[in-house]
$ cat coords17.cif   # mmCIF, C-alpha atoms (C1' of nucleotides) and all ligand atoms
data_input
#
loop_
_atom_site.label_atom_id
_atom_site.label_comp_id
_atom_site.auth_asym_id
_atom_site.auth_seq_id
_atom_site.Cartn_x
_atom_site.Cartn_y
_atom_site.Cartn_z
CA MET A 1 1.24 56.06 49.55
CA ASN A 2 1.36 59.18 47.39
CA SER A 3 1.99 59.16 43.66
CA GLU A 4 5.71 59.88 43.94
CA GLY A 5 6.16 57.08 46.42
CA THR A 6 4.22 54.75 44.17
CA LEU A 7 6.49 55.50 41.23
CA ARG A 8 9.57 54.88 43.34
CA HIS A 9 8.08 51.63 44.59
CA PHE A 10 7.61 50.45 41.03
CA ASN A 11 11.08 51.58 39.96
CA LEU A 12 9.70 54.13 37.54
CA ARG A 13 11.20 57.55 37.00
CA LYS A 14 9.38 60.37 38.68
CA THR A 15 8.04 62.63 35.93
CA LYS A 16 5.45 65.37 35.96
CA ILE A 17 2.89 63.65 33.81
CA ARG A 18 3.10 60.33 35.66
CA ILE A 19 2.50 62.08 38.95
CA ALA A 20 -0.31 64.10 37.40
CA VAL A 21 -2.02 61.00 35.97
CA LEU A 22 -1.72 59.05 39.21
CA ASP A 23 -2.98 62.03 41.21
CA ALA A 24 -5.93 62.53 38.89
CA LEU A 25 -6.94 58.88 39.12
CA ALA A 26 -6.38 58.75 42.87
CA GLN A 27 -8.66 61.71 43.46
CA SER A 28 -11.42 60.46 41.19
CA VAL A 29 -14.23 58.33 42.58
CA GLY A 30 -14.74 56.42 39.36
CA ALA A 31 -12.50 55.74 36.39
CA LEU A 32 -11.48 58.56 34.07
CA SER A 33 -11.79 58.49 30.31
CA TYR A 34 -8.87 59.16 28.05
CA ALA A 35 -10.65 62.29 26.83
CA VAL A 36 -11.06 63.65 30.35
CA LEU A 37 -7.48 62.89 31.24
CA GLN A 38 -6.35 64.66 28.13
CA GLU A 39 -8.27 67.83 28.88
CA ARG A 40 -7.18 67.85 32.51
CA LEU A 41 -3.57 67.39 31.46
CA ILE A 42 -3.72 69.76 28.55
CA GLU A 43 -0.22 71.03 29.33
CA PHE A 44 1.21 67.72 28.10
CA ASP A 45 1.34 66.37 24.60
CA ARG A 46 -1.24 63.69 23.96
CA THR A 47 1.43 61.29 22.69
CA THR A 48 3.13 61.59 26.03
CA LEU A 49 -0.15 60.90 27.76
CA TYR A 50 -0.64 57.90 25.53
CA ARG A 51 2.81 56.55 26.37
CA THR A 52 2.37 57.34 30.04
CA LEU A 53 -0.84 55.33 30.18
CA LEU A 54 0.94 52.48 28.44
CA THR A 55 3.83 52.53 30.88
CA LEU A 56 1.70 52.79 34.01
CA SER A 57 -0.50 50.05 32.66
CA ASP A 58 2.38 47.74 31.75
CA HIS A 59 3.81 48.04 35.23
CA GLY A 60 0.53 47.45 37.01
CA LEU A 61 -0.10 50.92 38.45
CA ILE A 62 -3.26 51.51 36.46
CA HIS A 63 -5.60 49.50 34.31
CA LYS A 64 -8.03 50.04 31.50
CA ALA A 65 -11.36 49.90 33.25
CA TYR A 66 -13.69 49.95 30.31
CA GLU A 67 -13.62 50.29 26.58
CA GLU A 68 -16.31 50.72 23.99
CA ASN A 69 -16.73 52.62 20.77
CA GLY A 70 -13.26 54.04 21.02
CA GLU A 71 -13.72 55.32 24.56
CA SER A 72 -11.22 54.09 27.12
CA TYR A 73 -11.46 54.55 30.87
CA TYR A 74 -8.60 54.19 33.30
CA ALA A 75 -8.40 53.55 37.01
CA ARG A 76 -5.76 52.96 39.67
CA CYS A 77 -4.76 49.39 40.38
CA PHE A 78 -4.59 47.89 43.83
CA GLY A 79 -2.14 45.07 44.26
CA CYS A 80 -1.11 44.60 40.65
CA SER A 81 2.42 44.31 39.29
CA ASP A 82 4.15 44.06 35.95
CA GLN A 83 3.74 40.30 36.32
CA ALA A 84 -0.02 40.26 36.44
CA HIS A 85 -3.07 42.40 36.73
CA ASN A 86 -5.37 40.87 39.29
CA HIS A 87 -8.75 42.38 38.80
CA GLU A 88 -11.08 40.84 41.22
CA HIS A 89 -13.75 43.36 40.47
CA LEU A 90 -15.94 44.34 37.56
CA HIS A 91 -16.32 47.52 35.59
CA LEU A 92 -19.72 49.11 35.59
CA LYS A 93 -20.69 51.61 32.94
CA CYS A 94 -23.66 53.57 34.25
CA SER A 95 -26.43 53.77 31.68
CA SER A 96 -27.63 56.93 33.35
CA CYS A 97 -24.65 59.19 34.06
CA GLY A 98 -22.14 57.44 31.82
CA GLY A 99 -19.61 57.10 34.61
CA VAL A 100 -17.44 54.02 35.01
CA GLU A 101 -16.78 52.41 38.37
CA CYS A 102 -14.81 49.47 39.71
CA ILE A 103 -17.22 47.23 41.64
CA GLU A 104 -16.30 44.47 44.06
CA ILE A 105 -17.58 40.99 43.34
CA SER A 106 -18.52 38.17 45.68
CA GLU A 107 -15.99 35.67 46.97
CA GLN A 108 -17.95 32.92 45.31
CA LEU A 109 -17.72 34.59 41.95
CA LYS A 110 -14.01 35.15 42.45
CA ARG A 111 -13.53 31.45 43.11
CA ASN A 112 -15.52 30.56 40.01
CA LEU A 113 -13.43 32.83 37.86
CA ALA A 114 -10.19 31.59 39.36
CA GLN A 115 -10.97 28.15 38.00
CA LEU A 116 -11.01 29.31 34.41
CA PRO A 117 -7.82 28.44 32.54
CA PHE A 118 -7.09 31.96 31.30
CA GLN A 119 -4.34 34.44 32.05
CA GLU A 120 -6.50 37.47 32.41
CA ILE A 121 -10.21 37.96 32.89
CA ASN A 122 -12.20 41.15 32.68
CA ILE A 123 -15.86 41.63 33.45
CA SER A 124 -17.76 44.67 32.36
CA ALA A 125 -21.38 45.47 33.01
CA LYS A 126 -23.99 48.05 32.16
CA GLY A 127 -26.51 49.27 34.67
CA SER A 128 -27.16 51.96 37.21
CA CYS A 129 -24.39 53.15 39.48
CA SER A 130 -24.99 53.68 43.18
CA THR A 131 -25.16 57.45 42.75
CA CYS A 132 -27.83 57.37 40.06
CA GLU A 133 -29.96 54.68 41.68
CA PRO A 134 -29.29 54.47 45.41
CA VAL A 135 -29.92 51.10 47.00
CA MET B 1 -31.73 28.98 9.36
CA ASN B 2 -29.89 30.78 6.58
CA SER B 3 -29.09 34.48 6.60
CA GLU B 4 -32.11 35.52 4.55
CA GLY B 5 -34.44 33.61 6.80
CA THR B 6 -32.82 35.16 9.84
CA LEU B 7 -33.40 38.66 8.51
CA ARG B 8 -37.03 37.86 7.79
CA HIS B 9 -37.42 36.41 11.26
CA PHE B 10 -36.15 39.65 12.78
CA ASN B 11 -38.29 41.80 10.51
CA LEU B 12 -35.30 43.35 8.84
CA ARG B 13 -35.11 44.13 5.17
CA LYS B 14 -33.11 41.67 3.13
CA THR B 15 -30.16 43.60 1.72
CA LYS B 16 -26.93 42.45 0.12
CA ILE B 17 -24.60 43.63 2.83
CA ARG B 18 -26.68 42.23 5.69
CA ILE B 19 -26.73 38.82 4.05
CA ALA B 20 -23.00 39.08 3.33
CA VAL B 21 -22.18 40.01 6.94
CA LEU B 22 -24.35 37.27 8.40
CA ASP B 23 -22.90 34.72 5.97
CA ALA B 24 -19.35 35.74 6.78
CA LEU B 25 -19.94 35.44 10.51
CA ALA B 26 -21.84 32.18 10.14
CA GLN B 27 -19.01 30.57 8.20
CA SER B 28 -16.29 31.73 10.54
CA VAL B 29 -15.22 29.56 13.46
CA GLY B 30 -14.32 32.52 15.66
CA ALA B 31 -15.35 36.14 15.66
CA LEU B 32 -14.31 38.45 12.84
CA SER B 33 -12.69 41.81 13.30
CA TYR B 34 -14.10 44.94 11.77
CA ALA B 35 -10.98 45.19 9.62
CA VAL B 36 -11.43 41.68 8.24
CA LEU B 37 -15.10 42.24 7.57
CA GLN B 38 -14.25 45.40 5.72
CA GLU B 39 -11.72 43.75 3.44
CA ARG B 40 -13.99 40.80 2.76
CA LEU B 41 -16.86 43.15 1.94
CA ILE B 42 -14.75 45.62 0.02
CA GLU B 43 -17.55 46.08 -2.50
CA PHE B 44 -19.56 48.00 0.10
CA ASP B 45 -18.88 51.40 1.58
CA ARG B 46 -17.43 51.23 5.07
CA THR B 47 -20.12 53.58 6.40
CA THR B 48 -22.70 51.08 5.24
CA LEU B 49 -20.79 48.31 6.95
CA TYR B 50 -20.66 50.43 10.09
CA ARG B 51 -24.42 51.00 10.01
CA THR B 52 -25.11 47.39 9.15
CA LEU B 53 -23.16 46.22 12.18
CA LEU B 54 -25.10 48.71 14.30
CA THR B 55 -28.44 47.51 12.97
CA LEU B 56 -27.68 43.81 13.30
CA SER B 57 -26.32 44.45 16.76
CA ASP B 58 -29.29 46.54 17.89
CA HIS B 59 -31.69 43.81 16.83
CA GLY B 60 -29.77 41.00 18.46
CA LEU B 61 -28.48 39.17 15.38
CA ILE B 62 -24.82 39.81 16.15
CA HIS B 63 -22.77 41.09 19.04
CA LYS B 64 -19.47 42.76 19.64
CA ALA B 65 -17.35 39.92 20.92
CA TYR B 66 -14.23 41.78 21.92
CA GLU B 67 -12.77 45.23 21.82
CA GLU B 68 -9.35 46.60 22.58
CA ASN B 69 -7.10 49.28 21.21
CA GLY B 70 -9.63 50.23 18.60
CA GLU B 71 -10.07 46.67 17.34
CA SER B 72 -13.60 45.32 17.39
CA TYR B 73 -14.63 41.72 16.79
CA TYR B 74 -18.10 40.57 15.89
CA ALA B 75 -19.88 37.26 16.15
CA ARG B 76 -23.33 35.79 15.51
CA CYS B 77 -25.76 35.78 18.39
CA PHE B 78 -27.75 32.76 19.47
CA GLY B 79 -31.06 33.46 21.12
CA CYS B 80 -30.78 37.22 21.43
CA SER B 81 -33.38 39.80 20.49
CA ASP B 82 -33.72 43.55 20.33
CA GLN B 83 -34.91 43.33 23.92
CA ALA B 84 -31.77 41.85 25.36
CA HIS B 85 -28.46 40.31 24.48
CA ASN B 86 -28.01 37.18 26.53
CA HIS B 87 -24.40 36.30 26.44
CA GLU B 88 -23.87 33.35 28.59
CA HIS B 89 -20.40 32.84 27.31
CA LEU B 90 -17.10 34.66 27.43
CA HIS B 91 -14.86 36.08 24.76
CA LEU B 92 -11.37 34.73 24.55
CA LYS B 93 -8.63 36.61 22.78
CA CYS B 94 -5.87 34.15 21.97
CA SER B 95 -2.48 35.50 22.99
CA SER B 96 -0.91 33.27 20.42
CA CYS B 97 -2.88 33.53 17.17
CA GLY B 98 -4.81 36.67 18.01
CA GLY B 99 -8.13 35.07 17.19
CA VAL B 100 -11.27 35.73 19.19
CA GLU B 101 -13.67 32.98 20.20
CA CYS B 102 -16.94 32.69 22.10
CA ILE B 103 -16.43 30.18 24.93
CA GLU B 104 -19.12 28.47 26.96
CA ILE B 105 -19.07 28.93 30.72
CA SER B 106 -20.19 26.65 33.51
CA GLU B 107 -23.75 26.58 34.78
CA GLN B 108 -22.50 27.60 38.17
CA LEU B 109 -20.80 30.67 36.79
CA LYS B 110 -23.94 31.53 34.85
CA ARG B 111 -25.98 31.39 38.04
CA ASN B 112 -23.47 33.58 39.84
CA LEU B 113 -23.59 36.16 37.13
CA ALA B 114 -27.37 36.08 36.96
CA GLN B 115 -27.48 37.31 40.54
CA LEU B 116 -25.68 40.53 39.74
CA PRO B 117 -28.04 43.51 39.51
CA PHE B 118 -26.90 44.66 36.07
CA GLN B 119 -28.60 44.79 32.69
CA GLU B 120 -25.77 43.44 30.67
CA ILE B 121 -22.60 41.59 31.55
CA ASN B 122 -19.64 40.80 29.36
CA ILE B 123 -16.64 38.70 30.20
CA SER B 124 -13.48 38.77 28.17
CA ALA B 125 -10.34 36.77 28.72
CA LYS B 126 -6.86 36.39 27.35
CA GLY B 127 -5.20 33.04 26.98
CA SER B 128 -4.60 30.24 24.54
CA CYS B 129 -7.36 29.09 22.25
CA SER B 130 -8.04 25.40 21.72
CA THR B 131 -6.33 25.44 18.34
CA CYS B 132 -3.08 26.94 19.59
CA GLU B 133 -2.88 24.83 22.74
CA PRO B 134 -4.93 21.65 22.43
CA VAL B 135 -6.24 20.21 25.67
"C1'" DA C 1 27.38 69.77 42.51
"C1'" DC C 2 28.93 67.91 37.90
"C1'" DT C 3 28.56 64.72 34.23
"C1'" DA C 4 27.25 61.06 31.22
"C1'" DA C 5 24.01 57.51 30.07
"C1'" DA C 6 19.44 56.14 29.90
"C1'" DA C 7 14.89 57.29 29.57
"C1'" DA C 8 11.04 60.44 28.71
"C1'" DT C 9 9.05 64.12 26.11
"C1'" DG C 10 7.19 67.02 22.24
"C1'" DC C 11 6.25 67.30 17.57
"C1'" DA C 12 5.15 65.71 13.15
"C1'" DA C 13 2.86 62.48 10.67
"C1'" DC C 14 -0.12 58.77 9.29
"C1'" DA C 15 -3.74 55.11 9.47
"C1'" DG C 16 -7.90 53.38 11.31
"C1'" DT C 17 -12.30 53.96 13.44
"C1'" DG C 18 -16.59 56.24 14.90
"C1'" DT C 19 -20.06 59.28 13.46
"C1'" DT C 20 -23.30 62.32 10.93
"C1'" DG C 21 -25.88 64.67 6.95
"C1'" DC C 22 -27.72 64.28 2.70
"C1'" DA C 23 -28.91 62.94 -1.95
"C1'" DA C 24 -29.79 58.89 -4.64
"C1'" DG C 25 -31.11 54.06 -4.82
"C1'" DT C 26 -33.81 50.00 -3.24
"C1'" DA C 27 -37.08 46.74 -0.73
"C1'" DA C 28 -41.57 45.57 0.38
"C1'" DG C 29 -46.60 46.15 0.60
"C1'" DT C 30 -50.55 47.65 -2.17
"C1'" DA D 1 -46.29 49.35 -11.44
"C1'" DC D 2 -46.50 52.75 -7.61
"C1'" DT D 3 -45.49 54.61 -3.27
"C1'" DT D 4 -43.24 55.05 0.84
"C1'" DA D 5 -40.09 54.02 4.16
"C1'" DC D 6 -35.76 52.33 4.61
"C1'" DT D 7 -30.93 51.72 3.02
"C1'" DT D 8 -26.82 53.01 0.65
"C1'" DG D 9 -22.75 55.66 -0.97
"C1'" DC D 10 -20.14 59.64 -0.54
"C1'" DA D 11 -18.20 63.46 1.67
"C1'" DA D 12 -16.58 65.16 5.69
"C1'" DC D 13 -14.89 65.59 10.33
"C1'" DA D 14 -13.12 64.39 15.04
"C1'" DC D 15 -10.72 61.36 17.86
"C1'" DT D 16 -7.67 57.61 18.97
"C1'" DG D 17 -3.70 54.60 18.28
"C1'" DT D 18 0.87 54.41 16.85
"C1'" DT D 19 5.68 55.35 15.35
"C1'" DG D 20 10.18 57.94 14.37
"C1'" DC D 21 13.22 61.27 15.70
"C1'" DA D 22 15.38 65.27 17.72
"C1'" DT D 23 15.45 67.46 22.19
"C1'" DT D 24 15.01 67.57 27.07
"C1'" DT D 25 14.85 65.53 31.56
"C1'" DT D 26 15.83 62.14 35.11
"C1'" DT D 27 18.89 59.46 37.67
"C1'" DA D 28 23.06 57.15 39.03
"C1'" DG D 29 27.95 57.57 39.57
"C1'" DT D 30 31.79 60.61 40.55
MN MN E 201 -11.06 48.40 37.86
MN MN E 202 -19.86 35.86 21.80
ZN ZN E 203 -24.55 56.87 37.30
ZN ZN E 204 -5.06 30.78 19.01
#
$ encode --input "coords17.cif" --output "structure tokens" --more "lines below"
Ligand SMILES: [Mn+2]
Ligand SMILES: [Mn+2]
Ligand SMILES: [Zn+2]
Ligand SMILES: [Zn+2]
Amino acid sequence: MNSEGTLRHFNLRKTKIRIAVLDALAQSVGALSYAVLQERLIEFDRTTLYRTLLTLSDHGLIHKAYEENGESYYARCFGCSDQAHNHEHLHLKCSSCGGVECIEISEQLKRNLAQLPFQEINISAKGSCSTCEPV
Amino acid sequence: MNSEGTLRHFNLRKTKIRIAVLDALAQSVGALSYAVLQERLIEFDRTTLYRTLLTLSDHGLIHKAYEENGESYYARCFGCSDQAHNHEHLHLKCSSCGGVECIEISEQLKRNLAQLPFQEINISAKGSCSTCEPV
DNA sequence: ACTAAAAATGCAACAGTGTTGCAAGTAAGT
DNA sequence: ACTTACTTGCAACACTGTTGCATTTTTAGT
């Protein structure tokens, strides 16, 4: 589904910046930092970008994929809603290229995590991404 | 071991702010935010606090326990060194009181995580802490 | 297509945090 | 006590998070 369809599906108004953010994230292999989003969407005010990220995040269209030292990365969600973000994957920050990727985890690990009595669980890791250190 | 002994053990110079930071973290049940540390250690310059947290973190005496929306929380480390931070626990942000705690995880989960090919892994969760919602 | 209500945007403004350079002060070994 | 390497305080700057408010845009109803 394209970005406009996604917005309609989530009952969100179709605005330029929302489409632009969703498009940017959809086209990117890894997650995009707030700084990169800002420079790619330089035609919009950064407050609007800030509020757009909040809205898309609140409704489960995107999620914060990584955060450290004031750097935030965002990525598209798959199967999330405004009820809950279900992130059955981890966020890898590549020590080499600095990129951030969403990485699938094993079924076993998913089951282990599901047993924890918490509303939301996020795993982040540091290491080499598949591009920088091919398997 | 007290804070002075800890610094000696890690071959770090014994300075007022390092002792004060270690003492503050040692006495606290949960992790302390940067903001709280700053107001408790108001007698020191915030740049010095910033560099102190970096130094203690780099050498494995403390770790960043949680980070979101520009808020960082710090906690004492147990068994870490400048070679590696071994965090076999997760960081819980209480949705109720806002506090951050280090929570032990099961042996099984530890084993699962150990199999992942990454240098460093951090788990953070949101939910109710034991104080706000007793078992 | 027209209109009104609801929602989103742009702009200004402010606080907090991360970060660095540099001069002055301090800790630790001799 | 002396020396040296390390640490601190201060200034300074960039970036992010956050809010209020006037203006513009979207969308639903006619
Ligand atoms: Mn992700
Ligand atoms: Mn911890
Ligand atoms: Zn990489
Ligand atoms: Zn609590």
$ residues_around --input "coords17.cif" --residues "A:His85" --least-positions-apart "6" --cutoff "12 Å" --atoms "all atoms listed in the file" --output "PDB file with C-alpha atoms, keeping the file's coordinate frame"
ATOM      1  CA  LEU A  56       1.700  52.790  34.010  1.00  0.00           C
ATOM      2  CA  SER A  57      -0.500  50.050  32.660  1.00  0.00           C
ATOM      3  CA  ASP A  58       2.380  47.740  31.750  1.00  0.00           C
ATOM      4  CA  HIS A  59       3.810  48.040  35.230  1.00  0.00           C
ATOM      5  CA  GLY A  60       0.530  47.450  37.010  1.00  0.00           C
ATOM      6  CA  LEU A  61      -0.100  50.920  38.450  1.00  0.00           C
ATOM      7  CA  ILE A  62      -3.260  51.510  36.460  1.00  0.00           C
ATOM      8  CA  HIS A  63      -5.600  49.500  34.310  1.00  0.00           C
ATOM      9  CA  LYS A  64      -8.030  50.040  31.500  1.00  0.00           C
ATOM     10  CA  ALA A  65     -11.360  49.900  33.250  1.00  0.00           C
ATOM     11  CA  ARG A  76      -5.760  52.960  39.670  1.00  0.00           C
ATOM     12  CA  CYS A  77      -4.760  49.390  40.380  1.00  0.00           C
ATOM     13  CA  PHE A  78      -4.590  47.890  43.830  1.00  0.00           C
ATOM     14  CA  GLY A  79      -2.140  45.070  44.260  1.00  0.00           C
ATOM     15  CA  GLN A 119      -4.340  34.440  32.050  1.00  0.00           C
ATOM     16  CA  GLU A 120      -6.500  37.470  32.410  1.00  0.00           C
ATOM     17  CA  ILE A 121     -10.210  37.960  32.890  1.00  0.00           C
ATOM     18  CA  ASN A 122     -12.200  41.150  32.680  1.00  0.00           C
TER      19      ASN A 122
ATOM     20  CA  LYS B 126      -6.860  36.390  27.350  1.00  0.00           C
TER      21      LYS B 126
END
$ residues_near_point --input "coords17.cif" --point "(17.6, 59.8, 29.5)" --cutoff "10 Å" --atoms "only C-alpha atoms (C1' of nucleotides)" --output "MDAnalysis selection string"
(chainID C and resid 4:8) or (chainID D and resid 24:27)
$ closest_residue --input "coords17.cif" --among "A:Ser81, A:Thr15, A:Asn112, A:Thr47" --to "chain B" --atoms "all atoms listed in the file"
A:Asn112
$ closest_atom_pairs --input "coords17.cif" --of "chain A" --to "ligand MN 201 (chain E)" --cutoff "10 Å" --atoms "only C-alpha atoms and all ligand atoms" --output "JSON lines"
{"residue": "A:Gly30", "atom": "CA", "partner": "E:MN201", "partner_atom": "MN", "distance": 9.0}
{"residue": "A:Ala31", "atom": "CA", "partner": "E:MN201", "partner_atom": "MN", "distance": 7.6}
{"residue": "A:Ile62", "atom": "CA", "partner": "E:MN201", "partner_atom": "MN", "distance": 8.5}
{"residue": "A:His63", "atom": "CA", "partner": "E:MN201", "partner_atom": "MN", "distance": 6.6}
{"residue": "A:Lys64", "atom": "CA", "partner": "E:MN201", "partner_atom": "MN", "distance": 7.2}
{"residue": "A:Ala65", "atom": "CA", "partner": "E:MN201", "partner_atom": "MN", "distance": 4.9}
{"residue": "A:Tyr66", "atom": "CA", "partner": "E:MN201", "partner_atom": "MN", "distance": 8.1}
{"residue": "A:Tyr73", "atom": "CA", "partner": "E:MN201", "partner_atom": "MN", "distance": 9.3}
{"residue": "A:Tyr74", "atom": "CA", "partner": "E:MN201", "partner_atom": "MN", "distance": 7.8}
{"residue": "A:Ala75", "atom": "CA", "partner": "E:MN201", "partner_atom": "MN", "distance": 5.9}
{"residue": "A:Arg76", "atom": "CA", "partner": "E:MN201", "partner_atom": "MN", "distance": 7.2}
{"residue": "A:Cys77", "atom": "CA", "partner": "E:MN201", "partner_atom": "MN", "distance": 6.9}
{"residue": "A:Phe78", "atom": "CA", "partner": "E:MN201", "partner_atom": "MN", "distance": 8.8}
{"residue": "A:Asn86", "atom": "CA", "partner": "E:MN201", "partner_atom": "MN", "distance": 9.5}
{"residue": "A:His87", "atom": "CA", "partner": "E:MN201", "partner_atom": "MN", "distance": 6.5}
{"residue": "A:Glu88", "atom": "CA", "partner": "E:MN201", "partner_atom": "MN", "distance": 8.3}
{"residue": "A:His89", "atom": "CA", "partner": "E:MN201", "partner_atom": "MN", "distance": 6.3}
{"residue": "A:Leu90", "atom": "CA", "partner": "E:MN201", "partner_atom": "MN", "distance": 6.4}
{"residue": "A:His91", "atom": "CA", "partner": "E:MN201", "partner_atom": "MN", "distance": 5.8}
{"residue": "A:Leu92", "atom": "CA", "partner": "E:MN201", "partner_atom": "MN", "distance": 9.0}
{"residue": "A:Val100", "atom": "CA", "partner": "E:MN201", "partner_atom": "MN", "distance": 9.0}
{"residue": "A:Glu101", "atom": "CA", "partner": "E:MN201", "partner_atom": "MN", "distance": 7.0}
{"residue": "A:Cys102", "atom": "CA", "partner": "E:MN201", "partner_atom": "MN", "distance": 4.3}
{"residue": "A:Ile103", "atom": "CA", "partner": "E:MN201", "partner_atom": "MN", "distance": 7.3}
{"residue": "A:Glu104", "atom": "CA", "partner": "E:MN201", "partner_atom": "MN", "distance": 9.0}
{"residue": "A:Asn122", "atom": "CA", "partner": "E:MN201", "partner_atom": "MN", "distance": 9.0}
{"residue": "A:Ile123", "atom": "CA", "partner": "E:MN201", "partner_atom": "MN", "distance": 9.4}
{"residue": "A:Ser124", "atom": "CA", "partner": "E:MN201", "partner_atom": "MN", "distance": 9.4}
$ interface_residues --input "coords17.cif" --of "chain C" --to "chain B" --cutoff "9 Å" --atoms "only C-alpha atoms (C1' of nucleotides)" --output "PyMOL selection string"
chain C and resi 16-18+26-28
$ atom_distance --input "coords17.cif" --atom1 "atom C1' of C:DG25" --atom2 "atom C1' of D:DA5"
12.7 Å
$ interface_residues --input "coords17.cif" --of "chain D" --to "chain B" --cutoff "8 Å" --atoms "all atoms listed in the file" --output "list in words"
DT8, DG9, DT16 and DG17 of chain D
$ residues_near_ligand --input "coords17.cif" --ligand "ligand ZN 203 (chain E)" --cutoff "12 Å" --atoms "all atoms listed in the file" --output "list in words"
Val29, Gly30, Leu92, Lys93, Cys94, Ser95, Ser96, Cys97, Gly98, Gly99, Val100, Glu101, Lys126, Gly127, Ser128, Cys129, Ser130, Thr131, Cys132, Glu133 and Pro134 of chain A
$ write_last_selection --input "coords17.cif" --atoms "C-alpha atoms" --output "mmCIF file, keeping the file's coordinate frame"
data_model
loop_
_atom_site.group_PDB
_atom_site.id
_atom_site.type_symbol
_atom_site.label_atom_id
_atom_site.label_comp_id
_atom_site.auth_asym_id
_atom_site.auth_seq_id
_atom_site.Cartn_x
_atom_site.Cartn_y
_atom_site.Cartn_z
ATOM 1 C CA VAL A 29 -14.230 58.330 42.580
ATOM 2 C CA GLY A 30 -14.740 56.420 39.360
ATOM 3 C CA LEU A 92 -19.720 49.110 35.590
ATOM 4 C CA LYS A 93 -20.690 51.610 32.940
ATOM 5 C CA CYS A 94 -23.660 53.570 34.250
ATOM 6 C CA SER A 95 -26.430 53.770 31.680
ATOM 7 C CA SER A 96 -27.630 56.930 33.350
ATOM 8 C CA CYS A 97 -24.650 59.190 34.060
ATOM 9 C CA GLY A 98 -22.140 57.440 31.820
ATOM 10 C CA GLY A 99 -19.610 57.100 34.610
ATOM 11 C CA VAL A 100 -17.440 54.020 35.010
ATOM 12 C CA GLU A 101 -16.780 52.410 38.370
ATOM 13 C CA LYS A 126 -23.990 48.050 32.160
ATOM 14 C CA GLY A 127 -26.510 49.270 34.670
ATOM 15 C CA SER A 128 -27.160 51.960 37.210
ATOM 16 C CA CYS A 129 -24.390 53.150 39.480
ATOM 17 C CA SER A 130 -24.990 53.680 43.180
ATOM 18 C CA THR A 131 -25.160 57.450 42.750
ATOM 19 C CA CYS A 132 -27.830 57.370 40.060
ATOM 20 C CA GLU A 133 -29.960 54.680 41.680
ATOM 21 C CA PRO A 134 -29.290 54.470 45.410
#
$ residues_around --input "coords17.cif" --residues "D:DC13" --least-positions-apart "3" --cutoff "12 Å" --atoms "all atoms listed in the file" --output "list in words"
DG18, DT19, DT20 and DG21 of chain C
$ atom_distance --input "coords17.cif" --atom1 "atom CA of A:Met1" --atom2 "atom C1' of D:DG29"
28.6 Å
$ residues_around --input "coords17.cif" --residues "D:DA22" --least-positions-apart "6" --cutoff "12 Å" --atoms "all atoms listed in the file" --output "list in words"
DT9, DG10, DC11 and DA12 of chain C
$ closest_residue --input "coords17.cif" --among "B:Lys110, B:Ala20, B:Leu25, B:Glu68" --to "ligand MN 202 (chain E)" --atoms "all atoms listed in the file"
B:Leu25
$ atom_distance --input "coords17.cif" --atom1 "atom C1' of D:DC6" --atom2 "atom CA of B:Phe10"
15.1 Å
$ closest_residue --input "coords17.cif" --among "A:Val36, A:Cys80, A:Ile19, A:Val135" --to "chain B" --atoms "all atoms listed in the file"
A:Val135
$ closest_residue --input "coords17.cif" --among "B:Ala24, B:Leu113, B:Ile105, B:Ile42" --to "ligand MN 202 (chain E)" --atoms "all atoms listed in the file"
B:Ile105
$ residues_near_point --input "coords17.cif" --point "(28.8, 64.7, 36.7)" --cutoff "7 Å" --atoms "only C-alpha atoms (C1' of nucleotides)" --output "PyMOL selection string"
(chain C and resi 2-4) or (chain D and resi 30)
